[in-house]
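See below for start.csv, which holds CSV, C-alpha atoms and all ligand atoms.
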```csv
chain,number,residue,atom,x,y,z
A,1,MET,CA,28.6,37.6,24.5
A,2,LYS,CA,29.2,34.1,25.8
A,3,GLY,CA,31.3,32.4,23.2
A,4,ILE,CA,34.5,33.4,21.3
A,5,VAL,CA,35.3,31.3,18.2
A,6,PHE,CA,38.6,31.7,16.4
A,7,ASP,CA,40.1,30.9,13.0
A,8,LEU,CA,43.6,29.3,13.4
A,9,ASP,CA,46.1,30.2,10.6
A,10,ASP,CA,47.4,33.8,10.8
A,11,THR,CA,44.8,34.6,13.5
A,12,LEU,CA,46.3,32.8,16.4
A,13,TYR,CA,49.8,32.2,15.1
A,14,ASN,CA,52.0,33.1,12.1
A,15,GLU,CA,51.3,30.5,9.4
A,16,LYS,CA,54.7,31.4,7.8
A,17,ASP,CA,56.3,29.6,10.7
A,18,PHE,CA,54.6,26.4,9.6
A,19,VAL,CA,55.4,27.0,5.9
A,20,TYR,CA,59.1,27.7,6.7
A,21,GLY,CA,59.2,24.6,8.9
A,22,GLY,CA,57.9,22.6,6.0
A,23,PHE,CA,60.5,24.0,3.7
A,24,GLN,CA,63.3,23.2,6.1
A,25,GLU,CA,62.1,19.6,6.2
A,26,VAL,CA,62.1,19.3,2.4
A,27,ALA,CA,65.5,21.2,2.1
A,28,LEU,CA,67.0,18.7,4.6
A,29,TYR,CA,65.8,15.7,2.7
A,30,LEU,CA,67.0,17.1,-0.6
A,31,SER,CA,70.4,18.2,0.8
A,32,HIS,CA,71.1,14.7,2.1
A,33,LYS,CA,70.0,13.0,-1.1
A,34,TYR,CA,72.0,15.3,-3.4
A,35,VAL,CA,74.8,16.3,-1.0
A,36,LEU,CA,74.0,20.0,-1.0
A,37,ASP,CA,73.8,22.7,1.6
A,38,SER,CA,70.3,22.6,3.1
A,39,THR,CA,70.4,26.2,4.2
A,40,VAL,CA,71.0,27.3,0.6
A,41,LEU,CA,68.1,25.2,-0.7
A,42,TYR,CA,65.9,26.5,2.1
A,43,GLN,CA,66.7,30.1,1.3
A,44,GLN,CA,66.0,29.5,-2.4
A,45,MET,CA,62.6,28.0,-1.5
A,46,ILE,CA,61.8,31.2,0.5
A,47,ASP,CA,62.9,33.3,-2.5
A,48,ILE,CA,60.6,31.4,-4.8
A,49,LEU,CA,57.8,31.7,-2.3
A,50,TYR,CA,58.0,35.5,-2.4
A,51,LYS,CA,58.6,35.8,-6.1
A,52,GLN,CA,56.2,33.1,-7.4
A,53,GLY,CA,53.8,32.2,-4.6
A,54,ARG,CA,53.3,29.1,-2.6
A,55,GLY,CA,51.9,26.8,-5.2
A,56,LYS,CA,54.9,25.7,-7.2
A,57,VAL,CA,57.9,26.1,-4.9
A,58,PHE,CA,59.0,22.4,-5.1
A,59,ASP,CA,58.4,22.1,-8.8
A,60,ILE,CA,60.6,25.2,-9.4
A,61,ILE,CA,63.4,24.1,-7.1
A,62,CYS,CA,63.5,20.6,-8.6
A,63,GLU,CA,63.6,22.1,-12.1
A,64,GLN,CA,66.4,24.5,-11.2
A,65,TYR,CA,68.6,21.7,-9.8
A,66,ALA,CA,67.3,19.0,-12.2
A,67,PHE,CA,66.3,16.9,-9.2
A,68,LYS,CA,64.2,13.9,-10.3
A,69,GLU,CA,61.6,14.0,-7.5
A,70,ASP,CA,58.0,13.0,-7.0
A,71,ILE,CA,56.6,16.4,-6.1
A,72,SER,CA,53.7,15.0,-4.2
A,73,ALA,CA,56.1,13.1,-2.0
A,74,LEU,CA,57.9,16.4,-1.2
A,75,VAL,CA,54.5,18.0,-0.5
A,76,GLU,CA,53.7,15.2,1.9
A,77,LEU,CA,57.1,15.8,3.7
A,78,TYR,CA,56.2,19.4,4.0
A,79,ARG,CA,52.7,18.7,5.3
A,80,ARG,CA,53.9,16.3,8.0
A,81,ALA,CA,56.7,18.6,9.2
A,82,ARG,CA,56.8,19.3,12.9
A,83,PRO,CA,58.4,22.7,13.4
A,84,LYS,CA,58.2,24.5,16.7
A,85,LEU,CA,55.1,26.8,16.5
A,86,HIS,CA,54.1,29.5,18.9
A,87,LEU,CA,50.9,31.4,19.4
A,88,TYR,CA,51.2,35.2,18.9
A,89,GLU,CA,51.8,36.7,22.2
A,90,ASP,CA,48.4,38.5,22.3
A,91,ALA,CA,46.7,35.3,21.3
A,92,GLU,CA,48.3,33.4,24.1
A,93,THR,CA,47.4,36.1,26.6
A,94,PHE,CA,43.9,36.4,25.3
A,95,LEU,CA,43.2,32.7,25.4
A,96,ARG,CA,44.7,32.3,28.8
A,97,SER,CA,42.8,35.2,30.4
A,98,ASN,CA,39.5,34.3,28.9
A,99,LEU,CA,39.6,30.6,29.6
A,100,GLY,CA,36.7,29.8,31.8
A,101,LYS,CA,35.1,33.3,31.3
A,102,TYR,CA,33.8,32.5,27.8
A,103,LYS,CA,33.3,29.3,25.9
A,104,LEU,CA,36.1,29.1,23.4
A,105,GLY,CA,36.0,27.5,20.0
A,106,LEU,CA,38.1,27.0,17.0
A,107,ILE,CA,37.0,26.6,13.3
A,108,THR,CA,39.8,25.9,10.9
A,109,ASP,CA,40.0,24.9,7.2
A,110,GLY,CA,42.8,23.0,5.5
A,111,LEU,CA,43.7,19.4,5.1
A,112,TYR,CA,42.6,17.6,8.3
A,113,TYR,CA,45.8,16.0,9.2
A,114,VAL,CA,47.8,19.2,8.6
A,115,GLN,CA,45.4,21.3,10.8
A,116,TRP,CA,45.4,18.7,13.6
A,117,ASN,CA,49.2,18.6,13.3
A,118,LYS,CA,49.4,22.4,13.8
A,119,ILE,CA,47.0,22.2,16.7
A,120,LYS,CA,49.2,19.7,18.4
A,121,LEU,CA,52.4,21.6,17.6
A,122,LEU,CA,50.9,24.7,19.1
A,123,GLY,CA,49.6,22.8,22.2
A,124,ILE,CA,46.3,24.7,22.2
A,125,GLU,CA,43.8,21.9,22.8
A,126,LYS,CA,43.7,23.0,26.5
A,127,TYR,CA,42.2,26.4,25.7
A,128,PHE,CA,39.2,25.2,23.6
A,129,ASP,CA,35.9,23.8,24.6
A,130,GLU,CA,35.3,22.8,21.0
A,131,MET,CA,37.5,22.5,17.9
A,132,ILE,CA,36.2,21.9,14.4
A,133,VAL,CA,38.6,21.0,11.6
A,134,THR,CA,36.1,21.5,8.8
A,135,ASP,CA,38.0,19.0,6.5
A,136,ASP,CA,37.0,16.2,8.9
A,137,TYR,CA,33.5,16.5,7.5
A,138,GLY,CA,34.5,16.9,3.9
A,139,LYS,CA,35.3,19.8,1.5
A,140,GLU,CA,31.7,21.0,1.5
A,141,PHE,CA,32.0,21.8,5.2
A,142,TRP,CA,34.9,24.3,4.6
A,143,LYS,CA,34.3,28.0,5.2
A,144,PRO,CA,32.4,29.9,3.9
A,145,SER,CA,29.9,27.1,4.5
A,146,LYS,CA,27.4,27.9,7.3
A,147,ALA,CA,27.7,24.3,8.5
A,148,PRO,CA,30.8,24.6,10.8
A,149,TYR,CA,29.3,27.7,12.5
A,150,ILE,CA,26.0,25.9,13.1
A,151,GLU,CA,27.9,22.9,14.4
A,152,MET,CA,29.9,25.1,16.7
A,153,SER,CA,26.8,26.8,18.1
A,154,GLN,CA,25.3,23.4,18.8
A,155,ARG,CA,28.4,22.0,20.4
A,156,LEU,CA,28.9,25.1,22.6
A,157,GLU,CA,25.1,25.3,23.3
A,158,LEU,CA,25.0,29.0,22.3
A,159,LEU,CA,22.8,31.1,20.2
A,160,PHE,CA,24.4,32.7,17.1
A,161,ASN,CA,24.0,36.2,18.7
A,162,GLU,CA,25.9,35.0,21.8
A,163,MET,CA,28.9,34.2,19.7
A,164,VAL,CA,31.7,36.1,18.0
A,165,TYR,CA,34.0,34.8,15.2
A,166,ILE,CA,37.5,36.2,14.9
A,167,GLY,CA,39.5,35.5,11.7
A,168,ASP,CA,41.9,37.1,9.2
A,169,ASN,CA,40.5,36.1,5.8
A,170,PRO,CA,37.6,38.1,4.3
A,171,ASN,CA,37.2,35.7,1.4
A,172,LYS,CA,35.7,33.1,3.7
A,173,ASP,CA,35.8,33.8,7.5
A,174,PHE,CA,32.9,36.2,7.9
A,175,TYR,CA,30.3,35.7,5.1
A,176,ALA,CA,28.4,32.7,6.6
A,177,ALA,CA,28.9,33.9,10.2
A,178,LYS,CA,27.3,37.2,9.4
A,179,GLN,CA,24.4,35.6,7.6
A,180,LEU,CA,23.7,33.6,10.7
A,181,GLY,CA,23.9,36.6,13.0
A,182,ILE,CA,27.3,35.9,14.6
A,183,LEU,CA,29.3,39.0,15.4
A,184,THR,CA,32.5,39.0,13.3
A,185,ILE,CA,35.9,40.6,14.0
A,186,ARG,CA,38.7,40.7,11.5
A,187,ILE,CA,42.2,40.8,12.7
A,188,ILE,CA,44.7,42.5,10.5
A,189,ARG,CA,48.2,41.8,11.7
A,190,GLU,CA,51.5,43.0,10.3
A,191,GLN,CA,51.8,39.7,8.4
A,192,GLY,CA,49.4,37.5,6.5
A,193,ASP,CA,48.2,36.7,3.0
A,194,PHE,CA,45.0,38.8,3.3
A,195,ILE,CA,46.1,41.9,5.1
A,196,ASN,CA,45.7,44.1,1.9
A,197,ILE,CA,42.5,42.5,0.7
A,198,PHE,CA,39.2,44.4,1.2
A,199,LEU,CA,35.9,43.1,-0.1
A,200,ASN,CA,32.3,44.2,-0.1
A,201,GLU,CA,30.4,44.3,3.2
A,202,ASP,CA,28.9,40.9,2.9
A,203,TYR,CA,32.4,39.5,3.2
A,204,GLU,CA,33.9,42.0,5.6
A,205,ALA,CA,33.7,41.6,9.4
A,206,ASP,CA,31.7,43.9,11.6
A,207,PHE,CA,34.8,45.2,13.3
A,208,ILE,CA,38.5,45.3,12.6
A,209,VAL,CA,41.3,44.9,15.2
A,210,ARG,CA,45.1,44.9,14.9
A,211,ASN,CA,45.6,42.5,17.8
A,212,LEU,CA,43.5,40.5,20.2
A,213,TYR,CA,43.9,42.9,23.1
A,214,GLU,CA,41.6,45.2,21.1
A,215,VAL,CA,38.8,42.6,21.1
A,216,GLU,CA,38.0,43.1,24.8
A,217,LYS,CA,36.0,46.2,24.1
A,218,PHE,CA,33.6,44.4,21.7
A,219,LEU,CA,32.8,41.7,24.3
A,220,LYS,CA,31.1,44.1,26.7
B,1,MG,MG,43.3,32.3,8.7
```
Can I see the file as structure tokens?
Amino acid sequence: MKGIVFDLDDTLYNEKDFVYGGFQEVALYLSHKYVLDSTVLYQQMIDILYKQGRGKVFDIICEQYAFKEDISALVELYRRARPKLHLYEDAETFLRSNLGKYKLGLITDGLYYVQWNKIKLLGIEKYFDEMIVTDDYGKEFWKPSKAPYIEMSQRLELLFNEMVYIGDNPNKDFYAAKQLGILTIRIIREQGDFINIFLNEDYEADFIVRNLYEVEKFLK
């Protein structure tokens, strides 16, 4: 094994930290405009998130308070939020100790400016030989497309069987990688949107770990 390639959200850091940071930004904006307590608004957004999911949080809160807001402008505030983000401890340790030992890569889906924003907030550019934000190439380049994995193998100058891909989402992280012959490892952390989702073997990784310390044994 010569190259280790990672997913970003919920693999290397807790994506909720970004989501909450975005809520805080929007709560602050609304609290100033309507002279309300931002922590109350923020807490309500979190309640809505858990009860009704991520898709309609701003619509619902605006409806509850009869705010006349352009929802897409609130979404934009959320997306451009700059909360403090931290790698999971095992991720930081893993990247730090394998820097220079393996070629390290990142393949992440999501709106390009949001993903690059997260990368900068985490300060992780220093760890990676190559980073691919699939959205830079267009929607058809998003996982489970094979394209980003092929691009990564070319950029790292590695064969598929010299690479491992580590991610958390069985819907899209492993399917294409497996078809190409890349070893796949699924990380199931204590938190994450997909921790209870199990699919058929085409979509599931070759191995499952609970943290990145456990990955070392598969690299030998
Ligand atoms: Mg992920």
Residues up to 12 Å from ligand MG 1 (chain B), counting only C-alpha atoms and all ligand atoms: could you list those as a ChimeraX atom specification?
/A:6-16,106-110,115,143,165-174,186-189,191-195
Mind checking which residues fall within 8 Å of range 116-123 of chain A, counting all atoms listed in the file, ignoring those fewer than 2 positions away in the same chain, and posting them as a ChimeraX atom specification?
/A:18,80,82-87,112-114,125-126,133
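Closest to Ala176 in chain A among A:Lys146, A:Lys101, A:Lys68, A:Lys33 is A:Lys146, based on all atoms listed in the file.
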Judged by all atoms listed in the file, the minimum distance to Tyr29 in chain A among A:Tyr203, A:Phe67, A:Val5, A:Tyr137 is found for A:Phe67
Nearest candidate to Ile124 in chain A (options A:Ser31, A:Leu99, A:Leu183, A:Phe141; using all atoms listed in the file)
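So, comparing all the options, the nearest one is A:Leu99.
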Calculate how many Å separate CA of Pro148 in chain A from CA of Met131 in chain A, rounding to one decimal.
10.0 Å
Quick one, how far is CA of Tyr78 in chain A from CA of Leu49 in chain A?
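CA of Tyr78 in chain A sits 13.9 Å away from CA of Leu49 in chain A.
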Need to verify the contact set: Gly22 in chain A, 6 Å, all atoms listed in the file, exclusion of same-chain residues closer than 2 positions in sequence. Can you return it as a list in words?
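The filter keeps Val19, Tyr20, Gln24, Glu25, Tyr78 and Ala81 of chain A.
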One number please: CA of Gly181 in chain A to CA of Gly3 in chain A, in Å, one decimal.
13.3 Å
Nearest to Lys56 in chain A: which of A:Ile185, A:Lys220, A:Lys2, A:Leu74 is it, counting all atoms listed in the file?
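Checking each candidate against Lys56 in chain A, we get A:Leu74 as the closest.
You can rank A:Glu157, A:Glu63, A:Glu76, A:Asp90 by their closest distance to Asn211 in chain A using all atoms listed in the file, and at the top of that list sits A:Asp90.
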Which polymer residues, protein or nucleic acid, are no farther than 8 Å from (26.5, 33.4, 2.5), counting only C-alpha atoms, as a ChimeraX atom specification?
/A:144-146,175-176,178-179,202
Hey, what's within 12 Å of Leu30 in chain A if we count all atoms listed in the file and toss same-chain stuff fewer than 3 positions away? As an mmCIF file with C-alpha atoms, in the frame of the given file, please?
```cif
data_model
loop_
_atom_site.group_PDB
_atom_site.id
_atom_site.type_symbol
_atom_site.label_atom_id
_atom_site.label_comp_id
_atom_site.auth_asym_id
_atom_site.auth_seq_id
_atom_site.Cartn_x
_atom_site.Cartn_y
_atom_site.Cartn_z
ATOM 1 C CA PHE A 23 60.500 24.000 3.700
ATOM 2 C CA GLN A 24 63.300 23.200 6.100
ATOM 3 C CA GLU A 25 62.100 19.600 6.200
ATOM 4 C CA VAL A 26 62.100 19.300 2.400
ATOM 5 C CA ALA A 27 65.500 21.200 2.100
ATOM 6 C CA LYS A 33 70.000 13.000 -1.100
ATOM 7 C CA TYR A 34 72.000 15.300 -3.400
ATOM 8 C CA VAL A 35 74.800 16.300 -1.000
ATOM 9 C CA LEU A 36 74.000 20.000 -1.000
ATOM 10 C CA ASP A 37 73.800 22.700 1.600
ATOM 11 C CA SER A 38 70.300 22.600 3.100
ATOM 12 C CA THR A 39 70.400 26.200 4.200
ATOM 13 C CA VAL A 40 71.000 27.300 0.600
ATOM 14 C CA LEU A 41 68.100 25.200 -0.700
ATOM 15 C CA TYR A 42 65.900 26.500 2.100
ATOM 16 C CA MET A 45 62.600 28.000 -1.500
ATOM 17 C CA PHE A 58 59.000 22.400 -5.100
ATOM 18 C CA ILE A 61 63.400 24.100 -7.100
ATOM 19 C CA CYS A 62 63.500 20.600 -8.600
ATOM 20 C CA TYR A 65 68.600 21.700 -9.800
ATOM 21 C CA ALA A 66 67.300 19.000 -12.200
ATOM 22 C CA PHE A 67 66.300 16.900 -9.200
ATOM 23 C CA LYS A 68 64.200 13.900 -10.300
ATOM 24 C CA GLU A 69 61.600 14.000 -7.500
ATOM 25 C CA ASP A 70 58.000 13.000 -7.000
ATOM 26 C CA ILE A 71 56.600 16.400 -6.100
ATOM 27 C CA ALA A 73 56.100 13.100 -2.000
ATOM 28 C CA LEU A 74 57.900 16.400 -1.200
ATOM 29 C CA LEU A 77 57.100 15.800 3.700
ATOM 30 C CA TYR A 78 56.200 19.400 4.000
#
```
Pick the closest to Leu156 in chain A from A:Asp206, A:Asp129, A:Glu140, A:Asp135: which is it, counting all atoms listed in the file?
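Nearest to Leu156 in chain A: A:Asp129.
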